[in-house]
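Coordinates from final_37.cif are shown below (mmCIF, C-alpha atoms and all ligand atoms).
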```
data_target
#
loop_
_atom_site.label_atom_id
_atom_site.label_comp_id
_atom_site.auth_asym_id
_atom_site.auth_seq_id
_atom_site.Cartn_x
_atom_site.Cartn_y
_atom_site.Cartn_z
CA MET A 19 42.22 78.40 46.86
CA ILE A 20 41.11 75.59 44.57
CA ASN A 21 43.94 73.87 42.72
CA VAL A 22 44.09 72.11 39.37
CA PRO A 23 43.24 68.39 39.80
CA LYS A 24 46.23 66.08 40.26
CA GLY A 25 47.59 64.84 36.95
CA THR A 26 46.04 67.62 34.86
CA LYS A 27 47.66 70.72 33.44
CA ASP A 28 46.78 74.24 32.41
CA VAL A 29 48.11 75.54 29.13
CA LEU A 30 48.87 79.21 29.69
CA PRO A 31 48.85 81.97 27.03
CA ASN A 32 52.64 81.98 26.78
CA GLN A 33 52.68 78.22 26.05
CA SER A 34 49.64 77.73 23.87
CA HIS A 35 51.51 78.52 20.64
CA LYS A 36 53.51 75.33 21.25
CA TRP A 37 50.29 73.35 21.36
CA ARG A 38 49.06 74.95 18.19
CA PHE A 39 52.35 74.16 16.50
CA ILE A 40 52.01 70.46 17.32
CA GLU A 41 48.31 70.37 16.47
CA ASN A 42 48.87 72.16 13.17
CA ALA A 43 51.64 69.71 12.27
CA ALA A 44 49.21 66.90 13.10
CA ARG A 45 46.45 68.35 10.91
CA GLU A 46 48.84 69.07 8.04
CA THR A 47 50.23 65.54 8.17
CA ALA A 48 46.75 64.04 8.25
CA ALA A 49 45.63 66.21 5.33
CA ALA A 50 48.66 65.32 3.21
CA PHE A 51 48.06 61.61 3.82
CA CYS A 52 44.33 62.06 3.02
CA TYR A 53 42.96 61.32 6.50
CA LYS A 54 39.84 63.28 7.48
CA GLU A 55 38.96 64.41 10.96
CA MET A 56 36.46 62.58 13.13
CA ARG A 57 35.22 63.92 16.48
CA THR A 58 33.55 61.67 18.99
CA PRO A 59 32.17 62.31 22.50
CA THR A 60 34.42 62.73 25.53
CA PHE A 61 32.50 60.03 27.38
CA GLU A 62 31.04 56.76 26.19
CA HIS A 63 29.22 53.79 27.67
CA THR A 64 31.71 51.97 29.88
CA GLU A 65 31.06 48.73 28.04
CA LEU A 66 32.57 50.17 24.86
CA PHE A 67 36.00 50.31 26.47
CA GLN A 68 35.58 47.01 28.32
CA ARG A 69 34.95 45.33 24.99
CA GLY A 70 36.97 47.58 22.75
CA VAL A 71 40.12 48.14 24.77
CA GLY A 72 39.86 44.82 26.56
CA ASP A 73 39.30 43.90 30.16
CA THR A 74 42.71 42.28 30.60
CA THR A 75 44.42 45.64 30.09
CA ASP A 76 45.65 48.05 32.76
CA VAL A 77 43.72 50.81 31.04
CA VAL A 78 40.39 49.07 31.67
CA ASN A 79 41.26 47.32 34.93
CA LYS A 80 42.89 50.14 36.80
CA GLU A 81 42.86 53.41 34.96
CA MET A 82 39.37 54.31 33.80
CA TYR A 83 37.42 57.35 34.93
CA THR A 84 34.08 55.65 35.33
CA PHE A 85 31.00 57.22 36.85
CA GLU A 86 27.31 56.65 37.05
CA ASP A 87 25.26 59.39 35.44
CA LYS A 88 21.99 60.67 36.88
CA GLY A 89 20.11 58.10 34.80
CA GLY A 90 22.03 55.27 36.47
CA ARG A 91 24.12 54.45 33.37
CA SER A 92 27.79 53.60 33.70
CA MET A 93 29.81 56.11 31.68
CA THR A 94 33.57 56.42 31.18
CA LEU A 95 35.73 59.33 30.08
CA LYS A 96 37.57 58.08 27.02
CA PRO A 97 40.94 56.58 27.95
CA GLU A 98 41.99 56.48 24.28
CA GLY A 99 40.66 57.49 20.89
CA THR A 100 40.18 54.31 18.87
CA ALA A 101 37.18 52.69 20.57
CA GLY A 102 35.00 55.79 20.12
CA VAL A 103 36.02 56.21 16.50
CA VAL A 104 35.25 52.56 15.76
CA ARG A 105 31.88 52.80 17.50
CA ALA A 106 31.01 55.91 15.48
CA PHE A 107 32.22 54.24 12.29
CA ILE A 108 29.91 51.26 12.84
CA GLU A 109 26.97 53.24 14.20
CA ASN A 110 26.97 55.74 11.31
CA GLY A 111 27.20 53.08 8.64
CA LEU A 112 30.58 54.25 7.36
CA ALA A 113 31.29 50.63 6.54
CA SER A 114 29.23 51.12 3.39
CA SER A 115 31.45 53.98 2.16
CA PRO A 116 34.09 53.40 -0.51
CA MET A 117 37.10 51.84 1.18
CA PRO A 118 39.47 52.68 2.67
CA VAL A 119 37.99 55.24 5.06
CA LYS A 120 40.88 57.19 6.55
CA THR A 121 40.23 59.30 9.62
CA TYR A 122 42.17 61.19 12.27
CA TYR A 123 41.44 62.71 15.66
CA ILE A 124 42.95 65.02 18.22
CA THR A 125 41.39 64.32 21.58
CA PRO A 126 41.84 64.57 25.32
CA ALA A 127 42.10 61.17 27.02
CA PHE A 128 41.71 60.25 30.68
CA ARG A 129 43.46 57.60 32.71
CA TYR A 130 43.71 57.32 36.47
CA GLU A 131 47.46 56.80 36.67
CA ARG A 132 50.22 57.85 39.04
CA PRO A 133 51.21 61.23 37.61
CA GLN A 134 54.86 61.63 36.59
CA ALA A 135 56.72 63.45 33.85
CA GLY A 136 54.97 62.39 30.64
CA ARG A 137 52.21 60.56 32.49
CA LEU A 138 49.08 62.52 33.26
CA ARG A 139 45.48 61.82 34.16
CA GLU A 140 44.23 64.05 31.39
CA PHE A 141 46.44 63.98 28.34
CA HIS A 142 45.99 64.46 24.61
CA GLN A 143 46.38 62.21 21.64
CA PHE A 144 46.68 62.68 17.92
CA GLY A 145 45.71 59.53 16.09
CA LEU A 146 45.07 58.13 12.62
CA GLU A 147 42.75 55.24 11.82
CA ALA A 148 42.41 53.58 8.41
CA PHE A 149 39.47 51.24 7.86
CA GLY A 150 38.88 48.61 5.25
CA SER A 151 42.32 47.79 3.90
CA PRO A 152 44.08 44.55 4.78
CA SER A 153 47.12 45.45 2.70
CA PRO A 154 50.63 46.01 4.06
CA GLU A 155 50.78 49.25 2.04
CA THR A 156 48.29 50.73 4.49
CA ASP A 157 50.44 49.68 7.46
CA ALA A 158 53.49 51.23 5.83
CA GLU A 159 51.61 54.39 4.89
CA LEU A 160 50.36 54.85 8.44
CA ILE A 161 53.78 54.28 9.99
CA PHE A 162 55.26 56.63 7.44
CA ALA A 163 52.65 59.26 8.36
CA ALA A 164 53.65 58.97 12.02
CA SER A 165 57.28 59.29 11.06
CA SER A 166 56.61 62.37 8.87
CA PHE A 167 54.66 63.93 11.72
CA LEU A 168 57.65 63.50 14.03
CA ASP A 169 59.93 64.94 11.35
CA LYS A 170 57.65 67.94 10.93
CA LEU A 171 57.94 68.60 14.66
CA GLY A 172 61.71 68.46 14.38
CA VAL A 173 62.12 65.78 17.04
CA LYS A 174 65.34 63.80 16.83
CA GLY A 175 66.48 60.46 18.16
CA VAL A 176 63.09 58.75 18.15
CA LYS A 177 63.42 55.09 17.22
CA LEU A 178 60.79 53.01 15.50
CA GLU A 179 60.29 49.56 17.01
CA LEU A 180 58.27 47.11 15.04
CA ASN A 181 56.70 43.74 15.69
CA SER A 182 53.94 41.47 14.46
CA ILE A 183 51.69 39.76 16.96
CA GLY A 184 49.92 37.68 14.34
CA CYS A 185 46.27 36.86 13.84
CA ARG A 186 43.85 34.52 15.62
CA ILE A 187 45.41 31.55 13.85
CA CYS A 188 49.02 32.10 14.89
CA ARG A 189 48.07 33.50 18.27
CA GLY A 190 46.36 30.21 19.18
CA GLU A 191 49.59 28.26 18.76
CA TYR A 192 51.62 30.99 20.35
CA ASN A 193 49.36 31.28 23.42
CA LYS A 194 49.87 27.56 24.01
CA ALA A 195 53.64 27.99 23.80
CA LEU A 196 53.52 30.97 26.16
CA LYS A 197 51.47 29.06 28.70
CA ASN A 198 53.87 26.15 28.59
CA TYR A 199 56.73 28.54 29.14
CA PHE A 200 55.15 30.57 31.94
CA ALA A 201 53.57 27.65 33.83
CA PRO A 202 56.62 26.78 35.95
CA HIS A 203 57.30 30.49 36.68
CA LEU A 204 53.78 31.50 37.74
CA GLU A 205 54.59 31.28 41.46
CA SER A 206 57.12 34.11 41.21
CA MET A 207 55.05 36.37 38.94
CA CYS A 208 52.77 39.23 40.00
CA PRO A 209 49.03 38.68 40.61
CA THR A 210 48.16 40.57 37.42
CA CYS A 211 50.32 38.26 35.34
CA ARG A 212 48.84 35.23 37.06
CA SER A 213 45.37 36.41 36.13
CA ARG A 214 46.50 37.13 32.57
CA TYR A 215 47.83 33.59 32.26
CA ASP A 216 44.36 32.23 31.63
CA LYS A 217 42.73 35.17 29.92
CA ASN A 218 45.43 36.59 27.66
CA PRO A 219 49.00 35.30 28.18
CA LEU A 220 50.32 37.68 25.51
CA ARG A 221 49.77 40.53 27.94
CA MET A 222 52.25 38.91 30.36
CA LEU A 223 54.97 40.15 28.00
CA ASP A 224 53.93 43.74 28.71
CA CYS A 225 54.28 43.63 32.52
CA LYS A 226 56.37 46.40 34.06
CA GLU A 227 57.33 44.46 37.25
CA GLU A 228 61.06 43.71 37.35
CA GLU A 229 60.70 40.01 38.23
CA CYS A 230 58.02 39.45 35.57
CA LYS A 231 60.10 41.30 32.98
CA LYS A 232 63.06 39.02 33.68
CA ILE A 233 60.95 35.93 33.22
CA ALA A 234 59.22 37.33 30.13
CA ALA A 235 62.59 37.99 28.51
CA GLY A 236 63.07 34.26 28.01
CA ALA A 237 59.59 33.59 26.61
CA PRO A 238 59.07 32.15 23.13
CA LYS A 239 59.00 34.80 20.40
CA ILE A 240 55.77 35.44 18.51
CA LEU A 241 57.71 35.94 15.28
CA ASP A 242 58.59 32.23 15.36
CA TYR A 243 54.89 31.37 15.42
CA LEU A 244 53.48 33.57 12.66
CA CYS A 245 51.33 31.82 10.06
CA GLU A 246 52.31 32.15 6.40
CA GLU A 247 49.98 35.03 5.72
CA CYS A 248 51.10 37.03 8.77
CA LYS A 249 54.73 36.34 8.00
CA GLU A 250 54.33 37.54 4.43
CA HIS A 251 52.42 40.62 5.58
CA PHE A 252 55.15 41.53 8.05
CA GLU A 253 57.90 41.03 5.45
CA LYS A 254 56.08 43.31 3.03
CA VAL A 255 55.61 46.06 5.64
CA LYS A 256 59.32 45.96 6.46
CA GLU A 257 60.22 46.01 2.78
CA LEU A 258 58.03 49.06 2.12
CA LEU A 259 59.48 50.94 5.09
CA THR A 260 63.02 50.12 4.06
CA ALA A 261 62.31 51.29 0.52
CA GLN A 262 61.14 54.63 1.95
CA GLY A 263 64.28 54.95 4.05
CA VAL A 264 62.43 54.50 7.36
CA GLU A 265 64.75 52.95 9.92
CA TYR A 266 63.35 50.47 12.42
CA THR A 267 64.32 47.65 14.72
CA VAL A 268 62.24 44.55 15.17
CA ASN A 269 61.40 44.14 18.85
CA SER A 270 59.47 41.00 19.69
CA GLY A 271 58.69 42.42 23.13
CA ILE A 272 56.27 44.98 21.72
CA VAL A 273 52.74 43.69 22.27
CA ARG A 274 51.10 47.08 23.06
CA GLY A 275 48.95 47.95 26.03
CA LEU A 276 45.56 47.35 24.45
CA ASP A 277 43.94 44.04 23.62
CA TYR A 278 42.69 44.64 20.14
CA TYR A 279 45.88 44.52 18.10
CA THR A 280 46.67 41.96 15.37
CA LYS A 281 49.62 41.62 12.97
CA THR A 282 51.68 44.82 12.79
CA VAL A 283 52.33 46.68 16.04
CA PHE A 284 54.81 49.49 16.52
CA GLU A 285 56.07 52.17 18.84
CA PHE A 286 58.15 55.27 18.37
CA VAL A 287 60.39 55.48 21.42
CA SER A 288 62.69 58.18 22.72
CA THR A 289 65.42 57.80 25.31
CA GLN A 290 65.36 61.55 26.06
CA ILE A 291 62.32 61.76 28.31
CA GLY A 292 63.00 59.11 30.93
CA SER A 293 61.00 55.98 31.38
CA GLN A 294 57.85 57.35 29.72
CA GLY A 295 59.64 57.09 26.40
CA THR A 296 56.91 55.92 24.03
CA VAL A 297 55.68 58.96 22.15
CA CYS A 298 53.55 57.11 19.64
CA GLY A 299 52.13 53.62 19.40
CA GLY A 300 49.82 51.76 17.13
CA GLY A 301 49.01 48.72 15.11
CA ARG A 302 46.53 46.73 13.16
CA TYR A 303 43.23 45.74 14.76
CA ASP A 304 41.57 43.46 12.27
CA ASN A 305 39.15 41.93 14.81
CA LEU A 306 37.98 45.01 16.66
CA LEU A 307 35.08 46.00 14.43
CA GLU A 308 33.59 42.56 14.73
CA GLU A 309 34.11 42.56 18.49
CA LEU A 310 32.22 45.83 18.73
CA GLY A 311 29.27 44.49 16.79
CA GLY A 312 30.17 45.57 13.27
CA ASN A 313 30.82 43.44 10.23
CA PRO A 314 34.39 42.14 10.14
CA LEU A 315 36.63 44.78 8.61
CA PRO A 316 40.40 45.18 8.84
CA ALA A 317 41.74 48.43 10.27
CA ILE A 318 44.92 50.00 11.55
CA GLY A 319 45.77 53.06 13.61
CA PHE A 320 48.18 54.85 15.87
CA ALA A 321 48.03 57.38 18.66
CA ALA A 322 50.73 59.86 19.61
CA GLY A 323 50.83 61.46 23.05
CA ILE A 324 50.99 65.23 22.65
CA GLU A 325 52.34 65.97 26.16
CA ARG A 326 55.18 63.49 25.67
CA LEU A 327 56.06 65.05 22.33
CA MET A 328 56.02 68.47 23.96
CA LEU A 329 58.32 67.22 26.71
CA LEU A 330 60.65 65.68 24.18
CA MET A 331 60.75 68.85 22.10
CA GLU A 332 61.44 70.98 25.16
CA ASN A 333 64.11 68.60 26.49
CA THR A 334 65.94 68.44 23.18
CA GLY A 335 65.74 72.16 22.47
CA VAL A 336 63.54 72.01 19.37
CA ASP A 337 62.63 75.55 18.33
CA PHE A 338 58.96 76.32 18.37
CA PRO A 339 57.95 79.00 15.87
CA GLU A 340 57.41 82.33 17.58
CA GLU A 341 53.95 83.13 18.77
CA GLN A 342 52.02 85.73 16.85
CA LYS A 343 52.79 89.30 17.98
CA PRO A 344 50.68 92.40 17.29
CA ALA A 345 51.60 94.02 14.01
CA LEU A 346 50.71 97.48 15.29
CA TYR A 347 50.14 99.21 18.59
CA LEU A 348 48.11 102.42 18.42
CA ALA A 349 48.88 104.80 21.28
CA GLY A 350 46.38 107.59 21.97
CA MET A 351 46.81 110.86 23.85
CA ASP A 352 43.37 112.27 24.53
CA ALA A 353 39.76 111.19 24.16
CA ALA A 354 39.54 112.03 20.46
CA SER A 355 42.78 110.28 19.49
CA ARG A 356 41.93 107.28 21.66
CA ALA A 357 38.66 107.01 19.80
CA LEU A 358 40.59 106.96 16.52
CA CYS A 359 42.95 104.28 17.90
CA PHE A 360 39.95 102.15 18.78
CA LYS A 361 38.30 102.67 15.40
CA THR A 362 41.51 102.03 13.47
CA ALA A 363 42.32 98.88 15.47
CA ILE A 364 38.86 97.48 14.84
CA TYR A 365 39.16 98.33 11.13
CA LEU A 366 42.54 96.64 10.83
CA ARG A 367 41.38 93.56 12.71
CA GLY A 368 38.56 93.27 10.23
CA LYS A 369 41.29 93.02 7.59
CA GLY A 370 43.04 90.28 9.56
CA VAL A 371 45.76 92.50 10.99
CA CYS A 372 46.56 91.98 14.68
CA ALA A 373 46.37 95.50 16.12
CA GLU A 374 46.17 96.66 19.73
CA PHE A 375 45.32 99.85 21.62
CA ASP A 376 45.31 101.02 25.23
CA HIS A 377 42.73 99.38 27.50
CA MET A 378 44.18 100.70 30.76
CA ASN A 379 44.00 104.47 30.38
CA ARG A 380 47.77 104.76 30.56
CA SER A 381 50.01 107.67 29.64
CA VAL A 382 51.53 107.58 26.14
CA LYS A 383 54.91 106.69 27.66
CA ALA A 384 53.39 103.75 29.55
CA GLN A 385 51.47 102.67 26.44
CA LEU A 386 54.70 102.53 24.45
CA LYS A 387 56.36 100.51 27.18
CA TYR A 388 53.48 98.04 27.03
CA ALA A 389 53.72 97.92 23.21
CA ASP A 390 57.36 96.95 23.59
CA LYS A 391 56.53 94.26 26.16
CA ILE A 392 53.95 92.59 23.95
CA GLY A 393 56.37 92.70 21.02
CA ALA A 394 54.39 94.95 18.66
CA ARG A 395 56.19 95.26 15.30
CA TYR A 396 55.12 98.87 14.77
CA VAL A 397 53.76 101.62 16.98
CA ALA A 398 51.91 104.78 16.05
CA VAL A 399 51.16 107.64 18.41
CA ILE A 400 47.90 109.34 17.50
CA GLY A 401 47.40 112.98 18.43
CA GLU A 402 45.83 116.13 17.04
CA SER A 403 47.83 116.31 13.83
CA GLU A 404 47.11 112.63 13.02
CA LEU A 405 43.44 113.34 13.58
CA ALA A 406 43.62 116.35 11.28
CA THR A 407 45.62 114.76 8.45
CA GLY A 408 44.48 111.13 8.61
CA THR A 409 48.17 110.20 8.39
CA VAL A 410 50.20 108.45 11.10
CA ASN A 411 53.89 107.95 11.76
CA LEU A 412 54.53 104.22 11.91
CA LYS A 413 57.65 103.44 13.87
CA ALA A 414 59.28 100.06 13.32
CA MET A 415 60.27 98.73 16.73
CA LYS A 416 63.20 96.70 15.44
CA ASP A 417 65.21 99.61 13.96
CA GLY A 418 63.36 102.77 14.99
CA ASN A 419 62.68 103.77 11.36
CA VAL A 420 59.64 106.01 10.99
CA ASN A 421 57.38 106.30 7.97
CA SER A 422 54.38 108.50 7.40
CA VAL A 423 51.42 106.39 6.24
CA LYS A 424 47.79 107.25 5.51
CA ILE A 425 45.40 105.42 7.87
CA ALA A 426 43.61 103.89 4.91
CA GLU A 427 46.95 102.49 3.68
CA ILE A 428 48.25 101.03 6.96
CA GLU A 429 47.02 97.58 6.11
CA GLU A 430 48.92 97.58 2.81
CA TYR A 431 52.04 98.96 4.53
CA LEU A 432 52.09 96.28 7.21
CA LYS A 433 52.05 93.44 4.72
P1 LIG B 501 52.58 53.47 28.45
O1 LIG B 501 53.18 52.13 28.21
O2 LIG B 501 53.58 54.57 28.46
O3 LIG B 501 51.64 53.50 29.62
P2 LIG B 501 50.37 52.98 26.71
O4 LIG B 501 50.71 51.74 26.02
O5 LIG B 501 49.44 52.93 27.87
O6 LIG B 501 51.70 53.77 27.15
P3 LIG B 501 48.76 53.91 24.49
O7 LIG B 501 47.51 53.45 25.07
O8 LIG B 501 49.35 53.22 23.36
O9 LIG B 501 49.86 54.07 25.67
O10 LIG B 501 48.62 55.47 24.12
C1 LIG B 501 49.29 56.06 23.02
C2 LIG B 501 50.21 57.16 23.48
O11 LIG B 501 49.54 58.05 24.37
C3 LIG B 501 51.40 56.69 24.28
O12 LIG B 501 52.42 56.28 23.43
C4 LIG B 501 51.79 57.94 25.03
O13 LIG B 501 52.56 58.81 24.21
C5 LIG B 501 50.47 58.58 25.30
N1 LIG B 501 50.02 58.29 26.67
C6 LIG B 501 49.46 57.14 27.16
N2 LIG B 501 49.15 57.27 28.45
C7 LIG B 501 49.50 58.53 28.81
C8 LIG B 501 49.42 59.30 30.01
N3 LIG B 501 48.88 58.79 31.12
N4 LIG B 501 49.89 60.57 30.00
C9 LIG B 501 50.42 61.11 28.89
N5 LIG B 501 50.52 60.45 27.72
C10 LIG B 501 50.07 59.18 27.67
MG MG B 502 49.68 52.96 29.95
#
```
How would this structure read if it were set down as structure tokens?
Ligand code: ATP
Ligand code: MG
Amino acid sequence: MINVPKGTKDVLPNQSHKWRFIENAARETAAAFCYKEMRTPTFEHTELFQRGVGDTTDVVNKEMYTFEDKGGRSMTLKPEGTAGVVRAFIENGLASSPMPVKTYYITPAFRYERPQAGRLREFHQFGLEAFGSPSPETDAELIFAASSFLDKLGVKGVKLELNSIGCRICRGEYNKALKNYFAPHLESMCPTCRSRYDKNPLRMLDCKEEECKKIAAGAPKILDYLCEECKEHFEKVKELLTAQGVEYTVNSGIVRGLDYYTKTVFEFVSTQIGSQGTVCGGGRYDNLLEELGGNPLPAIGFAAGIERLMLLMENTGVDFPEEQKPALYLAGMDAASRALCFKTAIYLRGKGVCAEFDHMNRSVKAQLKYADKIGARYVAVIGESELATGTVNLKAMKDGNVNSVKIAEIEEYLK
């Protein structure tokens, strides 16, 4: 027996409608906010993520699925969606399109993590990316899109936490302040934090070790170091969200797991699914395009974890719409009537009606039992008289009412 790899999951036929519900809500939200889909490869050159996600992050340092292909190239299964989208944006010259360019994706992502509830090795993300606009309206629009998506799913009790981590200018000053603060504590911090001290002290605020967290709690706050432009930008984003009735709390501890963020960063967090509570995270990444070899261009995006949303919806009893059931089950008695069942089912399917017939050579009684099990709305038993008259008795399963309908008119009747 070969088992599913650790940290991955099968989606079975009786669960897949839940996935479609979430994915459809994602696509509808993206469409309403005028974001168009972009699909990029499942694997990329490893260097893309080293540069794009940042080599001081856990994702790049510890979690990547990296392998050498038969041509000796180092490849990595995408650990997130943004780097690939940005690469494709630059490579395909989308920078010369009218701005902004607004795109979305739904993608699997791969991270070698310790599997737990809401933390998998293969998981799925829905994300939006908007390129070309520096304006706070775009930040607010994107956050509002994430919030509408969550509303569409019917999830409750998810809180928006907001922060600004500034630009290169304010980060310079802030990094100095952080280093001054952390210097006397370095001895008692974890090796990862010690290595981040030189490379990217901001990331020390994101450590999950208890001791480091305690120390980080007393660190200087980035919001006190924002330059005028960043401060104004942040104020405007907050104002726009407030005007739209979006509730948020400012949390200066949010720096996000990836290196490329600037200015606005945010997370939607739930307390209902344990410690893996962040269902959606994002922010501005005004320097990323340049870092990946493109011309400088501001951009902003978010990614929502589909498995975590699913978990949240299941844990809080959100109703998923029912999965599609067959409209009609055609039960046949003998060879001739079975042939008519087959023909009629195929005809109806051509008209977009979900119809089913017997595949198992069962008795009529057993066929009707099966029809009930699969939740068919109507059943029709086809025999000699149906063959002769071209008319069938359609029985509604919910109330047992029977109506005589011409085969050619079934489609109309089922509507
Ligand atoms: P965390 O702090 O929980 O590890 P992260 O900062 O690494 O999250 P991002 O890189 O921002 O996460 O990814 C965006 C979203 O993708 C997360 O908010 C989460 O919902 C989801 N996600 C991230 N890693 C996993 C995983 N291993 N399994 C399932 N979902 C995940
Ligand atoms: Mg993580």
Using all atoms listed in the file for the distances, tell me which of A:Met207, A:Val71, A:Leu358, A:Cys52 is nearest to Glu229 of chain A.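 Selected residue with least distance to Glu229 of chain A: A:Met207.
Counting all atoms listed in the file and comparing A:Glu155, A:Glu227, A:Glu179, A:Glu285, the residue that lies closest to ligand LIG 501 (chain B) is A:Glu285.
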List the spatial neighbours of Met56 of chain A as a PyMOL selection string - criterion: any atom at most 9 Å away, all atoms listed in the file, same-chain residues fewer than 4 positions off excluded. chain A and resi 103+106+121-124
Using all atoms listed in the file, which residues have at least one atom no more than 10 Å from ligand MG 502 (chain B)? Output them as a PyMOL selection string. chain A and resi 75-77+81+97+129-131+137+274-276+294+296
Can you pull out every residue with an atom within 9 Å of ligand LIG 501 (chain B)? Use all atoms listed in the file and format it as a ChimeraX atom specification. /A:25,76-77,81,97-99,127-145,224,226,274-276,285-287,293-300,320-327
Atom CA of Pro344 of chain A to atom CA of Ala373 of chain A, straight-line distance in Å: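 Those two atoms sit 5.4 Å apart.
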Distance atom CA of Glu332 of chain A-atom CA of Ile40 of chain A, one decimal place? 12.3 Å
Quick one: of A:Cys225, A:Lys24, A:Thr210, A:Leu180, who's nearest to Arg302 of chain A, counting only C-alpha atoms?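 Among the listed residues, the smallest separation from Arg302 of chain A belongs to A:Leu180.
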Pick from A:Tyr278, A:Tyr199, A:Ala48, A:Ile291: nearest to Glu308 of chain A, with all atoms listed in the file counted?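 For Glu308 of chain A, the nearest of the given residues is A:Tyr278.
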Take atom CA of Leu432 of chain A and atom CA of Lys343 of chain A and report the distance between them in Å, one decimal. 12.9 Å
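The smallest atom-to-atom distance between Leu220 of chain A and any of A:Phe149, A:Tyr192, A:Phe338, A:Tyr243, using all atoms listed in the file, is found for A:Tyr192.
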Mind listing as a PyMOL selection string all residues within 12 Å of (58.4, 81.9, 18.8), counting all atoms listed in the file? chain A and resi 32-36+38-39+336-343+393
Taking all atoms listed in the file into account, name the residue in A:Glu246, A:Thr60, A:Ala50, A:Thr362 that is nearest to Glu404 of chain A. A:Thr362
Find the spatial neighbours of Asn421 of chain A, counting all atoms listed in the file, within a cut-off of 9 Å - ignore same-chain residues fewer than 4 positions away - and output them as a list in words. Val410, Asn411, Leu412, Lys413 and Ala414 of chain A
Selection as a PyMOL selection string: residues within 10 Å of (37.1, 40.7, 13.8), counting all atoms listed in the file: chain A and resi 185-186+278+280+303-317
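Around Glu265 of chain A, within 12 Å and counting only C-alpha atoms, the residues found are Ile161, Phe162, Ser165, Gly175, Val176, Lys177, Leu178, Glu179, Leu180, Lys256, Glu257, Leu258, Leu259, Thr260, Ala261, Gln262, Val268 and Phe286 of chain A, once anything fewer than 3 positions away on its own chain is removed.
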May I have the residues from that selection written out with C-alpha atoms, as a PDB file, in the frame of the given file?
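The result, stored in selection37.pdb:
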```pdb
ATOM      1  CA  ILE A 161      53.780  54.280   9.990  1.00  0.00           C
ATOM      2  CA  PHE A 162      55.260  56.630   7.440  1.00  0.00           C
ATOM      3  CA  SER A 165      57.280  59.290  11.060  1.00  0.00           C
ATOM      4  CA  GLY A 175      66.480  60.460  18.160  1.00  0.00           C
ATOM      5  CA  VAL A 176      63.090  58.750  18.150  1.00  0.00           C
ATOM      6  CA  LYS A 177      63.420  55.090  17.220  1.00  0.00           C
ATOM      7  CA  LEU A 178      60.790  53.010  15.500  1.00  0.00           C
ATOM      8  CA  GLU A 179      60.290  49.560  17.010  1.00  0.00           C
ATOM      9  CA  LEU A 180      58.270  47.110  15.040  1.00  0.00           C
ATOM     10  CA  LYS A 256      59.320  45.960   6.460  1.00  0.00           C
ATOM     11  CA  GLU A 257      60.220  46.010   2.780  1.00  0.00           C
ATOM     12  CA  LEU A 258      58.030  49.060   2.120  1.00  0.00           C
ATOM     13  CA  LEU A 259      59.480  50.940   5.090  1.00  0.00           C
ATOM     14  CA  THR A 260      63.020  50.120   4.060  1.00  0.00           C
ATOM     15  CA  ALA A 261      62.310  51.290   0.520  1.00  0.00           C
ATOM     16  CA  GLN A 262      61.140  54.630   1.950  1.00  0.00           C
ATOM     17  CA  VAL A 268      62.240  44.550  15.170  1.00  0.00           C
ATOM     18  CA  PHE A 286      58.150  55.270  18.370  1.00  0.00           C
TER      19      PHE A 286
END
```
Please provide as a PyMOL selection string all residues within 10 Å of Glu247 of chain A, with the sequence filter that same-chain residues fewer than 3 positions apart are discarded (counting all atoms listed in the file). chain A and resi 184-185+187-188+244+250-253+281
Pull C-alpha atoms from the residues just selected and write them as a CSV table (one decimal), in the frame of the given file.
```csv
chain,number,residue,atom,x,y,z
A,184,GLY,CA,49.9,37.7,14.3
A,185,CYS,CA,46.3,36.9,13.8
A,187,ILE,CA,45.4,31.6,13.8
A,188,CYS,CA,49.0,32.1,14.9
A,244,LEU,CA,53.5,33.6,12.7
A,250,GLU,CA,54.3,37.5,4.4
A,251,HIS,CA,52.4,40.6,5.6
A,252,PHE,CA,55.2,41.5,8.0
A,253,GLU,CA,57.9,41.0,5.4
A,281,LYS,CA,49.6,41.6,13.0
```
Per-residue nearest contacts segment 35-99 of chain A to segment 114-120 of chain A, cut-off 9 Å, using only C-alpha atoms, as a tab-separated table:
```
residue	atom	partner	partner_atom	distance
A:Phe51	CA	A:Lys120	CA	8.9
A:Cys52	CA	A:Lys120	CA	6.9
A:Tyr53	CA	A:Lys120	CA	4.6
A:Lys54	CA	A:Lys120	CA	6.2
A:Glu55	CA	A:Lys120	CA	8.7
```
